[in-house]
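Asks: Input: one structure, supplied below.
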Amino acid sequence: MQLRTDLALEAREFVDEKEEGVVVKEEEQDGIKISEIKILNQKAAKKMNKPIGTYITAELAPLTDNLRDGDSKAEYIGKLIEPLLPKEGTILIAGIGNETITPDALGPKSADNILATRHIAGELKHSLGLSGLRSVAVLAPGVLGQTGIETGELIKSVVESIKPSAVIAIDALASRSLSRLGCTIQISDAGISPGSGVGNHRLSLNKETMGIPVIGIGVPTVVDAQTLALELIPEAKLSYQQKGLVSPRGEQMIVTPREIDLLIERASRLVGMSLNCALHKGLSVEDFCLLLA
């Protein structure tokens, strides 16, 4: 049985530390542990079950424990995102997920916290004192069950229309460990698979499908029920595999924290403000709060 996880950091734990084609760098600053994992070839990508690319993981104190912790970390997270962005051109940000299902609402709620500026141009931009802001478009495309259209199809249509230099896709993720829910952010230049956090994989968003760089940003909000069972009762692994003690219904279940509403509220604010800081230089989180009010 394969333990399901969207985090490269966790996938790395199941691969030989000396695996050729995987480069790992770790550091800690201001109470945030940063892990950078680079998957360099197809052999390593297959072993880790992740596309080739760079995966940056920031591990924070739980966002549900401290009201102001998210805002204080936004500028730092923004600096992790910035090197992955093209230097020029419009950036399209897509908040992926279903806002009516709380564990899957990270994307659309993050989009609410992002400053859209593509429509502010020319003399208006100058007169408002916003001439230094980057061109940003924000989209919350919903999900297939709401629109009847694949998320990837909608985003690709917008890409072909407005021709951004890159897409940033935000989505909820799945972890294999309870300890990483709501206190981990993954940033990757390998794109993202919409719906992966709730086991509903759709068309992947990446450079191959979109034609431009796609940066994926996610926070784990759920754990697969089978994965959680094996974490809590490791000795049960053999019996699960041999005797089939997980029912068909149990195989489809996911587990989310009791405080998921608060987790999503604070995680989406952190992701949104981090992106604002990465995209618009010279402004603080307080400035963005005023502009978004």
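Just so we're on the same page: first chain in the structure tokens is A, next is B, and so on; residues restart at 1 for each chain, and ligands are numbered from 1 in the order they show up.
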Could you give me, as a PDB file with C-alpha atoms, in the first residue's frame, each residue of stretch 141-219 of chain A that DSSP assigns to alpha helix (DSSP H) when run on this structure's backbone?
Replies:
ATOM      1  CA  LEU A 144     -15.925  20.560 -12.546  1.00  0.00           C
ATOM      2  CA  GLY A 145     -19.001  19.659 -10.517  1.00  0.00           C
ATOM      3  CA  GLN A 146     -20.014  23.330 -10.311  1.00  0.00           C
ATOM      4  CA  THR A 147     -19.201  24.493 -13.835  1.00  0.00           C
ATOM      5  CA  THR A 151     -10.416  23.631 -14.178  1.00  0.00           C
ATOM      6  CA  GLY A 152      -7.447  23.214 -16.489  1.00  0.00           C
ATOM      7  CA  GLU A 153      -9.586  24.047 -19.544  1.00  0.00           C
ATOM      8  CA  LEU A 154     -10.818  27.281 -17.961  1.00  0.00           C
ATOM      9  CA  ILE A 155      -7.348  28.370 -16.900  1.00  0.00           C
ATOM     10  CA  LYS A 156      -5.862  27.536 -20.304  1.00  0.00           C
ATOM     11  CA  SER A 157      -8.563  29.605 -22.014  1.00  0.00           C
ATOM     12  CA  VAL A 158      -7.695  32.594 -19.835  1.00  0.00           C
ATOM     13  CA  VAL A 159      -3.979  32.043 -20.483  1.00  0.00           C
ATOM     14  CA  GLU A 160      -4.584  32.111 -24.231  1.00  0.00           C
ATOM     15  CA  SER A 161      -6.662  35.281 -23.878  1.00  0.00           C
ATOM     16  CA  ILE A 162      -4.556  37.492 -21.590  1.00  0.00           C
ATOM     17  CA  LYS A 207       4.392  24.098 -18.323  1.00  0.00           C
ATOM     18  CA  GLU A 208       3.514  21.284 -20.722  1.00  0.00           C
ATOM     19  CA  THR A 209      -0.262  21.801 -20.461  1.00  0.00           C
ATOM     20  CA  MET A 210      -0.303  25.612 -20.128  1.00  0.00           C
TER      21      MET A 210
END
Asks: I want to know what sits within 7 Å of A:Ile114, based on only C-alpha atoms, with residues of the same chain fewer than 2 positions away left out; could you give that as a PyMOL selection string?
Replies: chain A and resi 110-112+116+272-273+276
Asks: Keeping C-alpha atoms for every residue in the selection just given, could you write it to a file as a PDB file, in the first residue's frame?
Replies:
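Final output, saved to selection.pdb:
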ATOM      1  CA  SER A 110      -6.592  32.739  -0.940  1.00  0.00           C
ATOM      2  CA  ALA A 111      -7.723  34.472  -4.138  1.00  0.00           C
ATOM      3  CA  ASP A 112      -9.876  36.799  -2.001  1.00  0.00           C
ATOM      4  CA  ALA A 116      -5.589  42.192  -8.655  1.00  0.00           C
ATOM      5  CA  GLY A 272      -2.543  35.486  -0.273  1.00  0.00           C
ATOM      6  CA  MET A 273      -0.410  38.010   1.598  1.00  0.00           C
ATOM      7  CA  ASN A 276       1.197  40.030  -2.594  1.00  0.00           C
TER       8      ASN A 276
END
Asks: Taking the DSSP secondary structure from the backbone, can you list the residues of stretch 10-94 of chain A that are strand (DSSP E), as a ChimeraX atom specification?
Replies: /A:22-29,32-39,53-59,91-94
Asks: Pull N, CA, C and O atoms from the residues just selected and write them as an mmCIF file, in the first residue's frame.
Replies:
data_model
loop_
_atom_site.group_PDB
_atom_site.id
_atom_site.type_symbol
_atom_site.label_atom_id
_atom_site.label_comp_id
_atom_site.auth_asym_id
_atom_site.auth_seq_id
_atom_site.Cartn_x
_atom_site.Cartn_y
_atom_site.Cartn_z
ATOM 1 N N VAL A 22 18.383 13.477 -6.767
ATOM 2 C CA VAL A 22 17.627 14.214 -5.754
ATOM 3 C C VAL A 22 18.615 15.019 -4.910
ATOM 4 O O VAL A 22 19.531 14.462 -4.306
ATOM 5 N N VAL A 23 18.437 16.333 -4.902
ATOM 6 C CA VAL A 23 19.311 17.219 -4.133
ATOM 7 C C VAL A 23 18.483 17.897 -3.048
ATOM 8 O O VAL A 23 17.429 18.469 -3.330
ATOM 9 N N VAL A 24 18.956 17.817 -1.813
ATOM 10 C CA VAL A 24 18.208 18.360 -0.674
ATOM 11 C C VAL A 24 19.057 19.401 0.051
ATOM 12 O O VAL A 24 20.248 19.177 0.308
ATOM 13 N N LYS A 25 18.420 20.529 0.356
ATOM 14 C CA LYS A 25 19.081 21.571 1.146
ATOM 15 C C LYS A 25 18.112 22.031 2.228
ATOM 16 O O LYS A 25 16.940 22.272 1.953
ATOM 17 N N GLU A 26 18.598 22.154 3.465
ATOM 18 C CA GLU A 26 17.743 22.543 4.579
ATOM 19 C C GLU A 26 18.362 23.690 5.355
ATOM 20 O O GLU A 26 19.585 23.792 5.472
ATOM 21 N N GLU A 27 17.512 24.559 5.876
ATOM 22 C CA GLU A 27 17.955 25.639 6.741
ATOM 23 C C GLU A 27 16.797 26.085 7.623
ATOM 24 O O GLU A 27 15.646 25.724 7.379
ATOM 25 N N GLU A 28 17.106 26.837 8.657
ATOM 26 C CA GLU A 28 16.067 27.353 9.537
ATOM 27 C C GLU A 28 16.330 28.830 9.819
ATOM 28 O O GLU A 28 17.470 29.229 10.076
ATOM 29 N N GLN A 29 15.287 29.626 9.708
ATOM 30 C CA GLN A 29 15.413 31.059 9.923
ATOM 31 C C GLN A 29 14.109 31.607 10.477
ATOM 32 O O GLN A 29 13.022 31.292 9.986
ATOM 33 N N ILE A 32 11.250 29.306 11.095
ATOM 34 C CA ILE A 32 10.683 28.586 9.952
ATOM 35 C C ILE A 32 11.741 27.631 9.415
ATOM 36 O O ILE A 32 12.861 28.036 9.089
ATOM 37 N N LYS A 33 11.398 26.368 9.316
ATOM 38 C CA LYS A 33 12.305 25.380 8.741
ATOM 39 C C LYS A 33 12.037 25.280 7.241
ATOM 40 O O LYS A 33 10.910 25.029 6.826
ATOM 41 N N ILE A 34 13.072 25.504 6.450
ATOM 42 C CA ILE A 34 12.948 25.500 4.992
ATOM 43 C C ILE A 34 13.679 24.294 4.419
ATOM 44 O O ILE A 34 14.851 24.062 4.714
ATOM 45 N N SER A 35 12.979 23.524 3.609
ATOM 46 C CA SER A 35 13.588 22.395 2.906
ATOM 47 C C SER A 35 13.418 22.618 1.404
ATOM 48 O O SER A 35 12.311 22.874 0.940
ATOM 49 N N GLU A 36 14.511 22.546 0.673
ATOM 50 C CA GLU A 36 14.474 22.669 -0.787
ATOM 51 C C GLU A 36 14.886 21.339 -1.390
ATOM 52 O O GLU A 36 16.001 20.869 -1.159
ATOM 53 N N ILE A 37 13.981 20.727 -2.132
ATOM 54 C CA ILE A 37 14.250 19.444 -2.774
ATOM 55 C C ILE A 37 14.196 19.642 -4.280
ATOM 56 O O ILE A 37 13.193 20.131 -4.810
ATOM 57 N N LYS A 38 15.267 19.255 -4.959
ATOM 58 C CA LYS A 38 15.312 19.338 -6.412
ATOM 59 C C LYS A 38 15.324 17.928 -6.986
ATOM 60 O O LYS A 38 16.199 17.120 -6.654
ATOM 61 N N ILE A 39 14.345 17.637 -7.831
ATOM 62 C CA ILE A 39 14.288 16.364 -8.536
ATOM 63 C C ILE A 39 14.821 16.615 -9.939
ATOM 64 O O ILE A 39 14.248 17.393 -10.702
ATOM 65 N N GLY A 53 11.494 18.952 -10.888
ATOM 66 C CA GLY A 53 11.336 20.359 -10.518
ATOM 67 C C GLY A 53 11.886 20.635 -9.140
ATOM 68 O O GLY A 53 12.500 19.781 -8.494
ATOM 69 N N THR A 54 11.663 21.860 -8.689
ATOM 70 C CA THR A 54 12.107 22.311 -7.366
ATOM 71 C C THR A 54 10.908 22.415 -6.438
ATOM 72 O O THR A 54 9.883 22.992 -6.802
ATOM 73 N N TYR A 55 11.055 21.860 -5.250
ATOM 74 C CA TYR A 55 9.988 21.876 -4.248
ATOM 75 C C TYR A 55 10.521 22.522 -2.971
ATOM 76 O O TYR A 55 11.453 21.997 -2.348
ATOM 77 N N ILE A 56 9.946 23.646 -2.612
ATOM 78 C CA ILE A 56 10.353 24.352 -1.405
ATOM 79 C C ILE A 56 9.258 24.186 -0.364
ATOM 80 O O ILE A 56 8.090 24.498 -0.624
ATOM 81 N N THR A 57 9.635 23.699 0.808
ATOM 82 C CA THR A 57 8.659 23.471 1.869
ATOM 83 C C THR A 57 9.025 24.309 3.079
ATOM 84 O O THR A 57 10.158 24.253 3.559
ATOM 85 N N ALA A 58 8.066 25.096 3.557
ATOM 86 C CA ALA A 58 8.246 25.903 4.765
ATOM 87 C C ALA A 58 7.393 25.299 5.873
ATOM 88 O O ALA A 58 6.185 25.145 5.710
ATOM 89 N N GLU A 59 8.031 24.942 6.979
ATOM 90 C CA GLU A 59 7.320 24.386 8.132
ATOM 91 C C GLU A 59 7.243 25.447 9.221
ATOM 92 O O GLU A 59 8.272 25.923 9.715
ATOM 93 N N ILE A 91 1.038 38.200 -14.212
ATOM 94 C CA ILE A 91 0.964 36.925 -13.513
ATOM 95 C C ILE A 91 -0.516 36.587 -13.302
ATOM 96 O O ILE A 91 -1.280 37.410 -12.787
ATOM 97 N N LEU A 92 -0.914 35.394 -13.724
ATOM 98 C CA LEU A 92 -2.280 34.917 -13.496
ATOM 99 C C LEU A 92 -2.276 33.999 -12.277
ATOM 100 O O LEU A 92 -1.558 32.999 -12.240
ATOM 101 N N ILE A 93 -3.075 34.346 -11.271
ATOM 102 C CA ILE A 93 -3.177 33.530 -10.061
ATOM 103 C C ILE A 93 -4.529 32.828 -10.064
ATOM 104 O O ILE A 93 -5.572 33.467 -10.180
ATOM 105 N N ALA A 94 -4.499 31.502 -9.944
ATOM 106 C CA ALA A 94 -5.724 30.704 -9.954
ATOM 107 C C ALA A 94 -5.915 30.050 -8.598
ATOM 108 O O ALA A 94 -5.074 29.248 -8.160
#
Asks: Within 12 Å of A:Gly191, counting only C-alpha atoms, which residues qualify if same-chain residues fewer than 6 places away don't, as an MDAnalysis selection string?
Replies: chainID A and resid 6 50:55 84 94 152 166:171 203:218
Asks: Write out as a list in words the residues lying within 9 Å of A:Asp261, counting only C-alpha atoms and excluding same-chain residues fewer than 4 positions away.
Replies: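 With the cut-off at 9 Å, the set is Thr102, Pro103, Pro257, Glu265 and Arg266 of chain A.
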Asks: Which one of A:Leu178, A:Leu275, A:Cys289, A:Cys183 sits closest to A:Val255 if you count only C-alpha atoms?
Replies: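 Closest to A:Val255, using only C-alpha atoms: A:Leu178.
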